[in-house]
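Student: My questions all concern the structure below.
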Amino acid sequence: MSEPVNFVVERMPLMGFTEKAYLDYSMYVILDRALPHIADGLKPVQRRIVYAMSELALAAGAKFKKSARTVGDVLGKFHPHGDTACYEAMVLMAQPFSYRYPLIEGQGNWGSPDDPKSFAAMRYTEARLSRFADLLLSELGQGTVDWVPNFDGTLDEPRLLPARLPHVLLNGATGIAVGMATDIPPHNAAEVAGACIALLDDPKASVETLLEHVQGPDYPTGAEIITPREEIAACYRSGTGSIRARARWEREDGLIVITALPYQASGSRILEQIAEQMRNKKLPMVEDLRDESDHENPTRLVIVPRSSRIDVDALMGHLFATTDLERSYRVNLNVIGRDGKPRVYGLRELLTEWLEFRIDTVRRRLQFRLEKINDRLHILEGLLAVFASLDEIIRIIRTEDEPRDALMGRFKISERQADAVLEIRLRQLARLEEIKLRDEHARLSEERTGIERILGTGAKLRRFVRGELARDAKDFGDARRSPLCARPVARAIDVTELAVEPVTVILSENGWVRQARGHEIDGAGLPFRTGDGFLQAVRGRSTQNALFIDAAGRSYAVAAGRLPSARGFGEPLSKTFEPGPGVGFVGVLMGEDADLAALVSNRGYGFKVALADLVARNKAGKVVAKTEEGTSLLAPALLVPGGWLAMATAERLLVISAEELPMMARGRGVKLFGLEEGEVLIAIAALGPDQGLALTSARRTQVLAPKDWRRYQGKRGGRGRVLPDGVRNIIKIATQS
């Protein structure tokens with residue numbers, strides 16, 4: 001029978017346990033996941049990926065290896081977490097549109113600016129380190145950093161990487177921890193190195209002095225930074241603020257060509273945003289959009305204005321304000337300092353602390369090298385003793401049972417020197433080998449003197465670090481991609497202010513439509529297709545809706561600026577809309593939403609309606625006037641405020657006040673004209689106080705002046721008066737200015 005097991009029970013308040021557990025989790029997220037370290041600018045997973053790739057000999061110029069191999073090594077040796085998150089971190093470091101200076105060179109599909117997460121699975125892609133990664137790894141094996149056990153204690157990994165430039169600023173970082181976040185924009189390597197050199201020359205240099213070198217962030221996509229310099233300086237003083245970036249564009253043969261997008265902006269998403277405004281009739285001045293991006297032109301979005309009279313600057317200002325062509329980026333220089341605590345740094349404080357790390361790293365590297373040199377010189381001194389007494393050494397080796405002890409006693413050399421002498425091969429005893437050893441001794445002695453001189457004073461060490469920074473800036477620096485152009489904040493312009501042009505919409509008898517720029521167009525004088533003819537022309541603005549009415553009482557709407565040009569015959573409305581079978585269009589209206597139109601059937605019933613109520617959102621239109629079988633709607637008339645409505649049969653005319661028409665949004669209306677059996681209305685016309693009324697018969701047209709048509713005034717529902725003999729059998733009436 002086994003002995004009973006004694007359990008130790010620890011009791012603690014639930015509040016104390018949960019508080020400690022949450023704090024432990026918070027510190028883990030802050031220090032080991034979300035925030036970069038000021039030394040190398042990397043988060044733990046990034047650092048482990050770069051180090052694992054160096055251990056796999058995936059340096060720049062090496063043969064590519066499958067990304068799955070790298071991810072497997074990272075997870076198995078250093079980072080026991082999810083493979084998806086690890087691979088995504090690896091992809092980010094390989095995307096040239098995400099990193100200003102990519103640390104990984106990828107082969108295969110690594111995503112695109114339109115969709116950064118469209119990369120292929122890790123079993124398909126291949127990777128190796130970029131040349132820029134040398135700035136993080138080249139001094140790794142030179143005693144520059146501390147090493148710590150990995151998660152299972154079987155391997156060692158570097159606590160930090162010995163960055164030769166302030167990588168924390170070069171590629172930036174974003175991250176969300178518990179109760180804090182970081183947003184560090186990318187910067188130009190040459191500019192940041194220049195600021196570091198300025199600090200080495202003058203440790204008391206102000207932020208303004210540093211900003212003579214660091215002009216601002218430098219995003220990889222090359223968009224303009226439009227934030228004023230004063231605001232940029234404020235960001236660098238406090239470590240927090242915001243930066244606005246705007247797409248770069250140019251005019252090319254009347255087209256608008258966008259050549260650079262803001263950081264992390266998607267070209268396809270921007271085109272969708274513009275197209276959505278076009279569908280909502282908020283961009284009538286844009287005719288077409290194209291994405292002409294290719295390998296030669298990674299960003300080439302083309303916007304086609306509707307005409308050369310468009311105010312392109314106003315249009316682009318509107319697009320900057322309403323799409324991702326202009327974006328704002330938060331700045332929050334929150335990093336883990338050398339003391340292991342997170343804090344928000346200003347530019348000067350950040351570079352000062354990084355330089356302390358760099359100076360300490362170089363000191364450790366030089367000290368490590370000095371120890372190696374001293375050890376080698378110690379061995380060389382022992383070897384050179386061999387050549388002074390070769391015969392004696394050979395005798396001792398041949399005759400003594402413990403030649404090492406004998407050599408140490410006879411020549412006063414150390415144990416390491418004696419071992420080195422005993423390991424010499426016979427062919428190394430040649431005179432030429434002695435010369436090589438003396439040359440190496442002289443060279444190493446000179447190098448030791450130089451290192452001791454550098455380590456002797458802080459000023460010389462700082463000058464040495466300065467020289468290395470200058471060389472690295474020359475080797476890895478490049479030209480700025482994001483120009484600084486302070487510009488006013490873009491403003492979204494009301495659609496009525498955008499590219500407003502006068503237009504004339506012409507409708508034919510067979511339902512073909514076209515629009516012409518300007519109000520001087522004589523619609524009746526335009527050519528029409530064989531068997532077709534002029535029906536109606538209305539004037540308005542390109543931003544207004546053209547409202548078409550069919551004989552069945554349905555209304556349809558389309559932006560006038562989107563109608564086909566009057567250079568040809570136009571297009572049939574049936575191509576744009578879906579009227580009922582055999583139903584023709586009787587007229588078109590244009591005006592403001594609050595304007596009123598008269599809708600009257602040939603049976604004498606009608607009402608007035610606001611143009612806003614005639615706008616339909618679909619191709620099938622909407623019913624606004626109810627008509628019975630055998631009843632047809634007449635061409636609508638746009639009413640004049642305080643005016644009249646003229647209604648005519650073939651032989652009678654009635655003019656009533658527009659105020660007598662009932663206001664309705666939909667319906668049959670009321671009786672406006674008292675028709676007899678077999679009698680129908682043939683046309684209506686809206687009249688102003690100073691307008692004439694043209695009566696057209698088969699043979700001629702007669703115009704009634706205002707004083708003449710007023711004789712036909714009557715009440716709603718009346719029969720009006722018979723027309724004179726000379727204008728009987730009229731076929732249409734129209735307003736005459």
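Labeling convention for the structure tokens: chains A, B, ... as they appear, residues from 1 per chain, ligands from 1 in order of appearance.
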Would you mind listing what lies within 10 Å of range 448-454 of chain A as a list in words, with only C-alpha atoms counted and same-chain residues fewer than 6 positions away left out?

Tutor: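 That gives Arg363, Leu366, Gln367, Arg369, Leu370, Glu371, Lys372, Ile373, Asn374, Leu377, Ala442, Lys460, Leu461, Arg462, Arg463 and Phe464 of chain A.
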
Student: Going by DSSP on the backbone, which residues of range 131-161 of chain A come out as alpha helix (DSSP H)? List them as a list in words.

Tutor: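 Those in range 131-161 of chain A that DSSP calls alpha helix (DSSP H) are Asp134, Leu135, Leu136 and Leu137 of chain A.
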
Student: Can I get the selected residues back with N, CA, C and O atoms, as a PDB file, in the first residue's frame?

Tutor:
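The resulting file, out-v9.pdb, is reproduced below:
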ATOM      1  N   ASP A 134      22.690  43.065 -42.476  1.00  0.00           N
ATOM      2  CA  ASP A 134      24.060  43.061 -41.951  1.00  0.00           C
ATOM      3  C   ASP A 134      24.242  44.103 -40.863  1.00  0.00           C
ATOM      4  O   ASP A 134      25.084  43.937 -39.969  1.00  0.00           O
ATOM      5  N   LEU A 135      23.470  45.181 -40.929  1.00  0.00           N
ATOM      6  CA  LEU A 135      23.572  46.224 -39.908  1.00  0.00           C
ATOM      7  C   LEU A 135      23.156  45.708 -38.535  1.00  0.00           C
ATOM      8  O   LEU A 135      23.498  46.312 -37.514  1.00  0.00           O
ATOM      9  N   LEU A 136      22.409  44.620 -38.505  1.00  0.00           N
ATOM     10  CA  LEU A 136      21.966  44.047 -37.237  1.00  0.00           C
ATOM     11  C   LEU A 136      22.798  42.850 -36.806  1.00  0.00           C
ATOM     12  O   LEU A 136      22.859  42.532 -35.614  1.00  0.00           O
ATOM     13  N   LEU A 137      23.437  42.165 -37.759  1.00  0.00           N
ATOM     14  CA  LEU A 137      24.047  40.871 -37.469  1.00  0.00           C
ATOM     15  C   LEU A 137      25.568  40.838 -37.556  1.00  0.00           C
ATOM     16  O   LEU A 137      26.191  39.915 -37.027  1.00  0.00           O
TER      17      LEU A 137
END

Student: Counting only C-alpha atoms, what is within 7 Å of Thr504 in chain A, bar same-chain residues fewer than 3 positions away, as a VMD selection string?

Tutor: chain A and resid 515 to 519 521 537 to 540
